file query.tsv (TSV, C-alpha atoms and all ligand atoms)
chain	number	residue	atom	x	y	z
A	1	MET	CA	-20.21	23.47	12.48
A	2	THR	CA	-20.38	20.49	14.82
A	3	THR	CA	-17.17	19.98	16.74
A	4	THR	CA	-18.26	17.65	19.50
A	5	ARG	CA	-16.91	14.38	18.14
A	6	THR	CA	-13.37	13.33	18.80
A	7	GLU	CA	-12.40	11.44	15.63
A	8	PRO	CA	-9.69	13.11	13.53
A	9	ALA	CA	-10.98	15.36	10.77
A	10	LEU	CA	-9.30	13.14	8.21
A	11	GLU	CA	-7.47	9.84	8.15
A	12	LEU	CA	-5.86	8.21	5.11
A	13	SER	CA	-4.33	4.74	5.52
A	14	GLY	CA	-2.23	3.22	2.76
A	15	VAL	CA	-4.19	5.03	0.07
A	16	VAL	CA	-3.29	4.08	-3.50
A	17	LYS	CA	-4.92	5.29	-6.70
A	18	GLU	CA	-4.10	3.80	-10.05
A	19	PHE	CA	-5.49	5.02	-13.35
A	20	ARG	CA	-5.64	2.89	-16.45
A	21	THR	CA	-4.03	4.73	-19.35
A	22	ALA	CA	-3.11	3.82	-22.92
A	23	GLU	CA	0.51	3.43	-21.73
A	24	GLY	CA	-0.50	1.07	-18.92
A	25	PRO	CA	-1.41	1.61	-15.26
A	26	LEU	CA	-0.42	4.97	-13.78
A	27	ARG	CA	-0.02	5.21	-10.00
A	28	ALA	CA	-1.10	8.79	-9.22
A	29	VAL	CA	-1.16	8.16	-5.45
A	30	ASP	CA	1.29	5.62	-4.11
A	31	GLY	CA	0.53	4.77	-0.49
A	32	ILE	CA	-0.39	7.90	1.47
A	33	ASP	CA	-0.84	7.72	5.25
A	34	LEU	CA	-2.05	10.92	6.83
A	35	GLN	CA	-3.94	12.02	9.91
A	36	VAL	CA	-5.32	15.55	10.25
A	37	ASP	CA	-6.75	16.74	13.55
A	38	ARG	CA	-9.78	18.97	13.88
A	39	GLY	CA	-9.00	22.66	13.63
A	40	GLU	CA	-5.71	22.10	11.77
A	41	VAL	CA	-4.87	24.21	8.74
A	42	LEU	CA	-2.80	22.09	6.42
A	43	ALA	CA	-1.20	22.92	3.07
A	44	PHE	CA	-0.79	20.20	0.52
A	45	LEU	CA	2.20	21.20	-1.53
A	46	GLY	CA	3.82	19.51	-4.48
A	47	PRO	CA	4.92	19.90	-8.10
A	48	ASN	CA	2.55	19.39	-11.04
A	49	GLY	CA	1.32	15.83	-11.25
A	50	ALA	CA	2.31	14.99	-7.66
A	51	GLY	CA	-1.12	13.56	-6.87
A	52	LYS	CA	-2.65	16.45	-4.90
A	53	THR	CA	-5.90	16.75	-6.84
A	54	THR	CA	-6.35	12.98	-7.02
A	55	SER	CA	-5.93	12.72	-3.24
A	56	LEU	CA	-8.39	15.53	-2.55
A	57	ASP	CA	-10.90	14.04	-5.03
A	58	MET	CA	-10.79	10.79	-3.05
A	59	VAL	CA	-11.34	12.66	0.22
A	60	LEU	CA	-14.44	14.22	-1.36
A	61	GLY	CA	-15.72	10.85	-2.59
A	62	LEU	CA	-15.45	11.95	-6.24
A	63	THR	CA	-13.28	8.94	-7.00
A	64	GLU	CA	-12.54	5.71	-5.10
A	65	PRO	CA	-9.08	4.60	-3.94
A	66	THR	CA	-7.70	1.51	-5.68
A	67	SER	CA	-6.69	0.31	-2.21
A	68	GLY	CA	-6.42	1.70	1.32
A	69	SER	CA	-9.05	3.51	3.33
A	70	ILE	CA	-10.20	7.08	3.94
A	71	SER	CA	-12.19	8.29	6.91
A	72	VAL	CA	-13.62	11.81	7.00
A	73	LEU	CA	-14.84	12.94	10.44
A	74	GLY	CA	-15.26	9.28	11.35
A	75	ALA	CA	-17.36	8.43	8.28
A	76	GLY	CA	-16.84	7.49	4.64
A	77	PRO	CA	-16.16	10.42	2.27
A	78	ARG	CA	-19.54	10.27	0.53
A	79	GLN	CA	-21.42	10.08	3.82
A	80	ALA	CA	-19.52	13.11	5.17
A	81	VAL	CA	-20.14	15.13	1.99
A	82	GLY	CA	-23.82	14.10	1.98
A	83	ALA	CA	-24.19	15.26	5.58
A	84	GLY	CA	-22.72	18.68	4.70
A	85	GLN	CA	-19.75	18.10	7.01
A	86	VAL	CA	-17.20	18.55	4.27
A	87	SER	CA	-17.25	20.80	1.23
A	88	ALA	CA	-14.82	22.03	-1.35
A	89	VAL	CA	-13.60	24.78	-3.61
A	90	LEU	CA	-12.24	23.02	-6.66
A	91	GLN	CA	-9.93	24.39	-9.36
A	92	SER	CA	-12.81	24.66	-11.79
A	93	GLY	CA	-16.44	23.85	-11.65
A	94	GLY	CA	-19.62	24.75	-13.46
A	95	LEU	CA	-21.30	28.06	-12.67
A	96	LEU	CA	-24.41	29.21	-14.50
A	97	ARG	CA	-23.38	32.25	-16.51
A	98	ASP	CA	-26.82	33.91	-16.67
A	99	LEU	CA	-27.47	34.01	-12.93
A	100	THR	CA	-26.25	36.84	-10.71
A	101	VAL	CA	-23.82	36.17	-7.88
A	102	ARG	CA	-26.61	36.40	-5.27
A	103	GLU	CA	-28.96	34.16	-7.31
A	104	THR	CA	-26.23	31.55	-7.59
A	105	VAL	CA	-25.68	31.51	-3.82
A	106	GLN	CA	-29.46	31.43	-3.19
A	107	MET	CA	-29.97	28.58	-5.63
A	108	ILE	CA	-27.27	26.37	-4.11
A	109	ALA	CA	-28.44	27.31	-0.57
A	110	SER	CA	-31.89	25.93	-1.42
A	111	THR	CA	-30.33	22.49	-1.94
A	112	PHE	CA	-29.14	22.25	1.69
A	113	SER	CA	-31.37	21.51	4.66
A	114	HIS	CA	-29.60	23.95	7.03
A	115	PRO	CA	-27.59	26.39	4.91
A	116	ALA	CA	-25.64	29.34	6.32
A	117	ALA	CA	-27.30	32.74	5.70
A	118	VAL	CA	-26.84	33.96	2.11
A	119	ASP	CA	-25.87	37.50	3.16
A	120	ASP	CA	-23.33	36.20	5.63
A	121	VAL	CA	-21.72	33.98	3.03
A	122	LEU	CA	-21.62	36.84	0.48
A	123	ARG	CA	-19.93	39.06	3.06
A	124	ARG	CA	-17.37	36.47	4.09
A	125	ALA	CA	-16.37	35.83	0.50
A	126	GLY	CA	-16.06	39.59	-0.14
A	127	LEU	CA	-18.87	39.43	-2.71
A	128	GLU	CA	-21.31	42.02	-1.33
A	129	PRO	CA	-20.34	44.67	-3.91
A	130	LEU	CA	-20.77	42.13	-6.72
A	131	ALA	CA	-24.01	40.52	-5.53
A	132	SER	CA	-26.12	41.70	-8.46
A	133	ARG	CA	-23.49	41.12	-11.15
A	134	LYS	CA	-24.05	38.33	-13.65
A	135	VAL	CA	-21.62	35.42	-13.36
A	136	SER	CA	-20.65	35.89	-17.03
A	137	LYS	CA	-19.43	39.43	-16.17
A	138	CYS	CA	-17.27	38.28	-13.24
A	139	SER	CA	-13.52	37.88	-13.67
A	140	GLY	CA	-11.82	34.52	-13.10
A	141	GLY	CA	-10.78	35.56	-9.60
A	142	GLU	CA	-14.31	36.76	-8.78
A	143	GLN	CA	-15.77	33.47	-9.98
A	144	GLN	CA	-13.30	31.69	-7.73
A	145	ARG	CA	-14.55	33.76	-4.79
A	146	LEU	CA	-18.09	32.72	-5.71
A	147	ARG	CA	-17.05	29.05	-5.60
A	148	PHE	CA	-15.59	29.76	-2.19
A	149	ALA	CA	-18.90	31.35	-1.06
A	150	LEU	CA	-20.77	28.24	-2.22
A	151	SER	CA	-18.44	26.00	-0.24
A	152	LEU	CA	-19.33	27.91	2.96
A	153	LEU	CA	-23.09	27.32	2.57
A	154	PRO	CA	-23.27	23.93	4.31
A	155	ASP	CA	-21.16	25.37	7.17
A	156	PRO	CA	-18.76	22.42	6.93
A	157	ASP	CA	-16.41	21.10	9.63
A	158	LEU	CA	-13.83	20.33	6.97
A	159	LEU	CA	-13.12	22.58	4.01
A	160	ILE	CA	-11.08	21.29	1.08
A	161	LEU	CA	-9.57	23.89	-1.22
A	162	ASP	CA	-7.78	22.93	-4.43
A	163	GLU	CA	-5.72	25.97	-5.45
A	164	PRO	CA	-8.42	28.27	-4.11
A	165	THR	CA	-6.78	31.55	-5.06
A	166	ALA	CA	-5.94	30.65	-8.67
A	167	GLY	CA	-6.72	33.72	-10.76
A	168	MET	CA	-7.10	36.11	-7.81
A	169	ASP	CA	-4.99	39.24	-7.63
A	170	VAL	CA	-2.82	40.02	-4.62
A	171	SER	CA	-5.43	41.97	-2.64
A	172	ALA	CA	-8.23	39.43	-3.33
A	173	ARG	CA	-5.84	36.71	-2.21
A	174	ARG	CA	-5.10	38.55	1.01
A	175	GLU	CA	-8.82	39.08	1.73
A	176	PHE	CA	-9.50	35.43	1.02
A	177	TRP	CA	-6.87	34.26	3.50
A	178	ASP	CA	-8.09	36.72	6.13
A	179	THR	CA	-11.53	35.08	5.93
A	180	MET	CA	-10.03	31.62	6.09
A	181	ARG	CA	-7.94	32.54	9.12
A	182	GLU	CA	-11.10	33.68	10.93
A	183	ASP	CA	-12.83	30.39	10.05
A	184	ALA	CA	-9.91	28.32	11.28
A	185	ARG	CA	-9.88	30.21	14.57
A	186	ASN	CA	-13.51	29.14	14.96
A	187	GLY	CA	-12.48	25.49	14.71
A	188	ARG	CA	-12.96	24.67	11.04
A	189	THR	CA	-10.37	22.25	9.60
A	190	VAL	CA	-8.92	23.55	6.35
A	191	ILE	CA	-6.88	21.54	3.85
A	192	PHE	CA	-5.63	23.36	0.78
A	193	ALA	CA	-3.52	22.48	-2.21
A	194	THR	CA	-1.38	25.26	-3.56
A	195	HIS	CA	1.54	26.02	-5.82
A	196	TYR	CA	2.23	29.24	-3.93
A	197	LEU	CA	4.87	28.52	-1.34
A	198	GLU	CA	4.31	31.89	0.29
A	199	GLU	CA	0.65	31.00	0.87
A	200	ALA	CA	1.54	27.76	2.57
A	201	ASP	CA	4.11	29.65	4.59
A	202	ALA	CA	1.81	32.47	5.63
A	203	PHE	CA	-1.34	30.52	6.30
A	204	ALA	CA	-0.76	26.84	7.10
A	205	GLN	CA	0.41	25.52	10.47
A	206	ARG	CA	1.44	22.29	8.85
A	207	ILE	CA	2.76	21.42	5.41
A	208	VAL	CA	2.50	18.04	3.77
A	209	MET	CA	4.71	17.86	0.72
A	210	VAL	CA	3.90	15.26	-1.93
A	211	ALA	CA	5.93	14.11	-4.91
A	212	ASP	CA	5.26	11.15	-7.19
A	213	GLY	CA	2.17	10.22	-5.18
A	214	ARG	CA	4.00	9.92	-1.86
A	215	VAL	CA	4.37	12.11	1.21
A	216	VAL	CA	7.99	13.29	1.21
A	217	ALA	CA	7.82	15.75	4.10
A	218	ASP	CA	5.32	16.48	6.85
A	219	GLY	CA	5.85	19.08	9.53
A	220	SER	CA	5.51	22.72	10.56
A	221	THR	CA	6.69	25.32	8.09
A	222	SER	CA	9.88	25.97	10.06
A	223	GLU	CA	10.62	22.24	10.43
A	224	ILE	CA	10.34	21.78	6.68
A	225	ARG	CA	12.65	24.70	6.01
A	226	ALA	CA	15.25	23.48	8.46
A	227	ARG	CA	15.02	19.89	7.25
A	228	ALA	CA	15.89	20.72	3.69
A	229	THR	CA	18.60	23.26	3.99
A	230	GLY	CA	19.83	23.28	7.56
A	231	ARG	CA	20.68	26.68	8.93
A	232	THR	CA	23.22	29.20	7.79
A	233	VAL	CA	25.43	30.67	10.50
A	234	SER	CA	27.74	33.54	9.71
A	235	ALA	CA	30.10	35.76	11.70
A	236	ARG	CA	33.00	38.15	11.33
A	237	LEU	CA	36.38	36.61	12.29
A	238	PRO	CA	39.41	38.57	13.59
A	239	GLU	CA	41.80	39.64	10.85
A	240	GLY	CA	44.32	36.99	9.83
A	241	ARG	CA	42.40	34.17	11.51
A	242	THR	CA	40.08	33.31	8.62
A	243	ALA	CA	41.96	30.33	7.13
A	244	GLN	CA	42.48	28.74	10.52
A	245	GLY	CA	38.81	29.38	11.40
A	246	VAL	CA	37.60	27.72	8.20
A	247	GLU	CA	39.73	24.62	8.94
A	248	ARG	CA	38.34	24.40	12.48
A	249	LEU	CA	34.69	24.91	11.40
A	250	ARG	CA	34.94	22.08	8.85
A	251	LEU	CA	35.50	19.72	11.82
A	252	VAL	CA	32.37	20.79	13.74
A	253	PRO	CA	29.75	17.98	13.62
A	254	GLY	CA	26.83	18.64	11.24
A	255	VAL	CA	28.69	21.17	9.08
A	256	GLN	CA	27.85	20.82	5.37
A	257	GLU	CA	29.73	23.73	3.83
A	258	VAL	CA	32.06	26.56	4.89
A	259	SER	CA	32.72	29.58	2.70
A	260	VAL	CA	34.16	33.06	3.07
A	261	GLU	CA	32.23	36.14	1.92
A	262	GLY	CA	34.28	39.31	2.39
A	263	ALA	CA	35.13	39.60	6.08
A	264	ARG	CA	32.52	36.99	7.08
A	265	VAL	CA	32.72	33.24	7.30
A	266	VAL	CA	29.48	31.51	6.29
A	267	VAL	CA	28.64	27.99	7.51
A	268	ARG	CA	25.77	25.76	6.43
A	269	SER	CA	24.99	23.17	9.08
A	270	GLY	CA	22.32	20.89	10.54
A	271	ASP	CA	23.51	21.90	14.03
A	272	SER	CA	23.63	25.68	14.21
A	273	ASP	CA	24.20	25.69	18.00
A	274	ALA	CA	27.52	23.83	17.71
A	275	VAL	CA	28.71	26.20	14.96
A	276	ALA	CA	27.68	29.28	16.94
A	277	ARG	CA	29.54	27.96	20.00
A	278	ALA	CA	32.74	27.34	18.06
A	279	LEU	CA	32.57	30.75	16.39
A	280	LEU	CA	32.00	32.69	19.59
A	281	THR	CA	34.05	30.80	22.14
A	282	GLU	CA	37.01	29.38	20.19
A	283	LEU	CA	37.44	31.59	17.16
A	284	GLY	CA	36.73	35.09	18.48
A	285	GLY	CA	33.84	35.59	16.05
A	286	THR	CA	31.63	38.70	16.34
A	287	ASP	CA	28.43	39.96	14.70
A	288	LEU	CA	26.84	36.47	14.58
A	289	GLU	CA	23.81	35.79	12.39
A	290	ILE	CA	21.72	32.60	12.10
A	291	ALA	CA	19.19	32.17	9.25
A	292	THR	CA	16.97	29.36	7.99
A	293	GLY	CA	16.75	28.62	4.29
A	294	SER	CA	13.75	29.78	2.29
A	295	LEU	CA	10.76	27.54	1.78
A	296	ASP	CA	11.54	27.63	-1.94
A	297	GLN	CA	14.93	26.03	-1.33
A	298	ALA	CA	13.30	23.43	0.90
A	299	PHE	CA	10.71	22.60	-1.72
A	300	VAL	CA	13.27	22.07	-4.45
A	301	ALA	CA	15.63	20.09	-2.21
A	302	ILE	CA	12.94	17.79	-0.82
A	303	THR	CA	11.08	17.08	-4.05
A	304	GLU	CA	14.32	16.55	-6.02
A	305	GLY	CA	15.59	14.24	-3.27
A	306	ALA	CA	12.35	12.26	-3.43
A	307	SER	CA	12.43	11.70	-7.18
A	308	ARG	CA	16.08	10.55	-7.12
B	401	LIG	N1	-8.40	10.52	-14.74
B	401	LIG	C1	-7.11	10.30	-14.92
B	401	LIG	N2	-6.68	9.37	-15.80
B	401	LIG	C2	-5.37	9.12	-15.98
B	401	LIG	N3	-4.38	9.78	-15.34
B	401	LIG	C3	-4.75	10.73	-14.45
B	401	LIG	C4	-6.12	11.04	-14.21
B	401	LIG	N4	-6.15	12.02	-13.27
B	401	LIG	C5	-4.87	12.31	-12.95
B	401	LIG	N5	-4.02	11.54	-13.66
B	401	LIG	C6	-2.55	11.54	-13.55
B	401	LIG	O1	-2.20	11.32	-12.20
B	401	LIG	C7	-1.07	12.09	-11.81
B	401	LIG	C8	-1.42	12.97	-10.62
B	401	LIG	O2	-2.31	13.99	-11.05
B	401	LIG	P1	-2.94	15.08	-10.07
B	401	LIG	O3	-3.90	15.90	-10.87
B	401	LIG	O4	-3.47	14.39	-8.86
B	401	LIG	O5	-1.67	15.93	-9.66
B	401	LIG	P2	-1.58	17.36	-8.93
B	401	LIG	O6	-0.54	17.19	-7.87
B	401	LIG	O7	-2.91	17.81	-8.50
B	401	LIG	O8	-1.03	18.26	-10.09
B	401	LIG	P3	-1.31	19.84	-10.44
B	401	LIG	O9	-0.52	20.60	-9.44
B	401	LIG	O10	-0.76	19.96	-11.80
B	401	LIG	O11	-2.77	20.09	-10.35
B	401	LIG	C9	-0.66	12.86	-13.05
B	401	LIG	O12	0.37	12.14	-13.69
B	401	LIG	C10	-1.92	12.88	-13.91
B	401	LIG	O13	-1.60	12.95	-15.27
call {"tool": "encode", "arguments": {"input": "query.tsv", "output": "structure tokens"}}
result
Amino acid sequence: MTTTRTEPALELSGVVKEFRTAEGPLRAVDGIDLQVDRGEVLAFLGPNGAGKTTSLDMVLGLTEPTSGSISVLGAGPRQAVGAGQVSAVLQSGGLLRDLTVRETVQMIASTFSHPAAVDDVLRRAGLEPLASRKVSKCSGGEQQRLRFALSLLPDPDLLILDEPTAGMDVSARREFWDTMREDARNGRTVIFATHYLEEADAFAQRIVMVADGRVVADGSTSEIRARATGRTVSARLPEGRTAQGVERLRLVPGVQEVSVEGARVVVRSGDSDAVARALLTELGGTDLEIATGSLDQAFVAITEGASR
């Protein structure tokens, strides 16, 4: 990995991609601006057809934007791929069924001028026990790990992963992300598209949510959660003071909803501090709890909001 240069790992400016279809032009990507710094781990999250794969294909130089520009490590996508600075694990991709896992890695390694060591790559992808197995005998998840191993061969600065853990079971998925975490600590930039919210939550520092070809949210995992749902503040109120408390809480700035659940009053608000203050200092509340919404709720709220 070369990490001496100071350009961002990736920069997209006003990127648009239109496909010609029988029904007329289809805008798969509708003006994406995005800057990703070196060493960032970013999840690209969005519903089916949001434009994730099309965007990543353009970053890899597999297809050209209709308009706008893309810079990868300060160069054009094809140049960066050609120089081995960026590589990818795609959703699917041809593997030769009659070769073994090790032969596959060796064969692709021979196409690079300075490949990483074959044994090292096999170890990092968790493929050592399967090295002599034929590709045709590997499960879908194992083949996906092999694609991941191949993507590590050029020792890229930027790694693009389009649903990298599709088909892997829970433990393979965990091993995969452990390897990726180690790589990111060593300065590799990782951009991955996923449908698994928990993966974005557990692994990415930053989430870019796309819907209908546009970026609809961009921030840290906790910012995205808070943005969509606000926080929920709840507390126990003294007996007989619930109705009065509910009336008062409805007047606190930022409050979206107040409800009563058993002995607790539950408040959804964009300003949890103000609610907590009112509960503790004015209303005699005890046993206070503050929670953020789940990433699932955020995802639904943001993408539905965007398509409205
Ligand atoms: N080659 C193509 N020709 C015409 N339309 C296309 C082409 N490739 C993609 N599309 C359309 O562009 C839109 C975006 O597709 P894309 O594959 O980028 O979405 P995605 O976010 O990756 O979805 P998924 O999560 O299902 O993989 C979709 O409506 C898709 O049907």
call {"tool": "closest_residue", "arguments": {"input": "query.tsv", "among": "A:Glu64, A:Asp157, A:Asp212, A:Asp178", "to": "ligand LIG 401 (chain B)", "atoms": "all atoms listed in the file"}}
result
A:Asp212
call {"tool": "residues_near_ligand", "arguments": {"input": "query.tsv", "ligand": "ligand LIG 401 (chain B)", "cutoff": "9 Å", "atoms": "all atoms listed in the file", "output": "ChimeraX atom specification"}}
result
/A:17-21,25-29,44-57,91,162-163,193-195,210-213
call {"tool": "atom_distance", "arguments": {"input": "query.tsv", "atom1": "CA of Val266 (chain A)", "atom2": "CA of Arg225 (chain A)"}}
result
18.2 Å
call {"tool": "atom_distance", "arguments": {"input": "query.tsv", "atom1": "CA of Arg206 (chain A)", "atom2": "CA of Leu127 (chain A)"}}
result
29.0 Å
call {"tool": "atom_distance", "arguments": {"input": "query.tsv", "atom1": "CA of Val59 (chain A)", "atom2": "CA of Pro77 (chain A)"}}
result
5.7 Å
call {"tool": "closest_residue", "arguments": {"input": "query.tsv", "among": "A:Ala131, A:Met168, A:Val215, A:Val208", "to": "Gly31 (chain A)", "atoms": "only C-alpha atoms"}}
result
A:Val215
call {"tool": "closest_residue", "arguments": {"input": "query.tsv", "among": "A:Arg188, A:Met209, A:Tyr196, A:Gly126", "to": "Ser171 (chain A)", "atoms": "only C-alpha atoms"}}
result
A:Gly126
call {"tool": "closest_residue", "arguments": {"input": "query.tsv", "among": "A:Ala43, A:Val246, A:Leu153, A:Val105", "to": "Glu261 (chain A)", "atoms": "all atoms listed in the file"}}
result
A:Val246
call {"tool": "closest_residue", "arguments": {"input": "query.tsv", "among": "A:Ala235, A:Leu146, A:Ala83, A:Ile290", "to": "Gln106 (chain A)", "atoms": "only C-alpha atoms"}}
result
A:Leu146
call {"tool": "residues_near_point", "arguments": {"input": "query.tsv", "point": "(-24.2, 28.7, 1.3)", "cutoff": "12 Å", "atoms": "only C-alpha atoms", "output": "ChimeraX atom specification"}}
result
/A:84,87-88,101-125,146-156
call {"tool": "closest_residue", "arguments": {"input": "query.tsv", "among": "A:Cys138, A:Val170, A:Val190, A:Val260", "to": "Ala204 (chain A)", "atoms": "only C-alpha atoms"}}
result
A:Val190
call {"tool": "residues_near_point", "arguments": {"input": "query.tsv", "point": "(-9.5, 15.7, 12.4)", "cutoff": "10 Å", "atoms": "all atoms listed in the file", "output": "PyMOL selection string"}}
result
chain A and resi 3+5-11+35-40+71-74+157-158+188-190
call {"tool": "decode", "arguments": {"input": "query.tsv", "residues": "region 160-173 of chain A", "atoms": "N, CA and C atoms", "output": "CSV table (one decimal), in the first residue's frame"}}
result
chain,number,residue,atom,x,y,z
A,160,ILE,N,-12.9,-1.9,-2.8
A,160,ILE,CA,-14.3,-1.7,-3.1
A,160,ILE,C,-15.0,-3.1,-2.9
A,161,LEU,N,-16.0,-3.1,-2.1
A,161,LEU,CA,-16.7,-4.4,-1.8
A,161,LEU,C,-18.2,-4.3,-2.1
A,162,ASP,N,-18.7,-5.0,-3.0
A,162,ASP,CA,-20.1,-4.9,-3.3
A,162,ASP,C,-20.8,-6.1,-2.7
A,163,GLU,N,-21.5,-5.9,-1.6
A,163,GLU,CA,-22.1,-7.0,-0.8
A,163,GLU,C,-21.1,-8.2,-0.6
A,164,PRO,N,-20.0,-7.9,0.0
A,164,PRO,CA,-18.9,-8.9,0.1
A,164,PRO,C,-19.3,-10.2,0.9
A,165,THR,N,-20.2,-10.1,1.8
A,165,THR,CA,-20.5,-11.3,2.6
A,165,THR,C,-21.7,-12.0,2.1
A,166,ALA,N,-22.2,-11.7,1.0
A,166,ALA,CA,-23.4,-12.4,0.4
A,166,ALA,C,-23.1,-13.9,0.4
A,167,GLY,N,-24.0,-14.7,1.0
A,167,GLY,CA,-23.8,-16.1,0.9
A,167,GLY,C,-22.9,-16.7,2.1
A,168,MET,N,-22.3,-15.8,2.9
A,168,MET,CA,-21.4,-16.3,4.0
A,168,MET,C,-22.3,-16.6,5.2
A,169,ASP,N,-22.0,-17.6,6.0
A,169,ASP,CA,-22.7,-17.8,7.2
A,169,ASP,C,-22.2,-16.8,8.3
A,170,VAL,N,-22.8,-16.9,9.5
A,170,VAL,CA,-22.5,-15.9,10.5
A,170,VAL,C,-21.0,-15.9,10.9
A,171,SER,N,-20.4,-17.1,11.1
A,171,SER,CA,-19.1,-17.1,11.5
A,171,SER,C,-18.1,-16.7,10.4
A,172,ALA,N,-18.4,-17.1,9.2
A,172,ALA,CA,-17.5,-16.6,8.1
A,172,ALA,C,-17.6,-15.1,7.9
A,173,ARG,N,-18.8,-14.6,8.2
A,173,ARG,CA,-19.0,-13.1,8.1
A,173,ARG,C,-18.1,-12.4,9.1
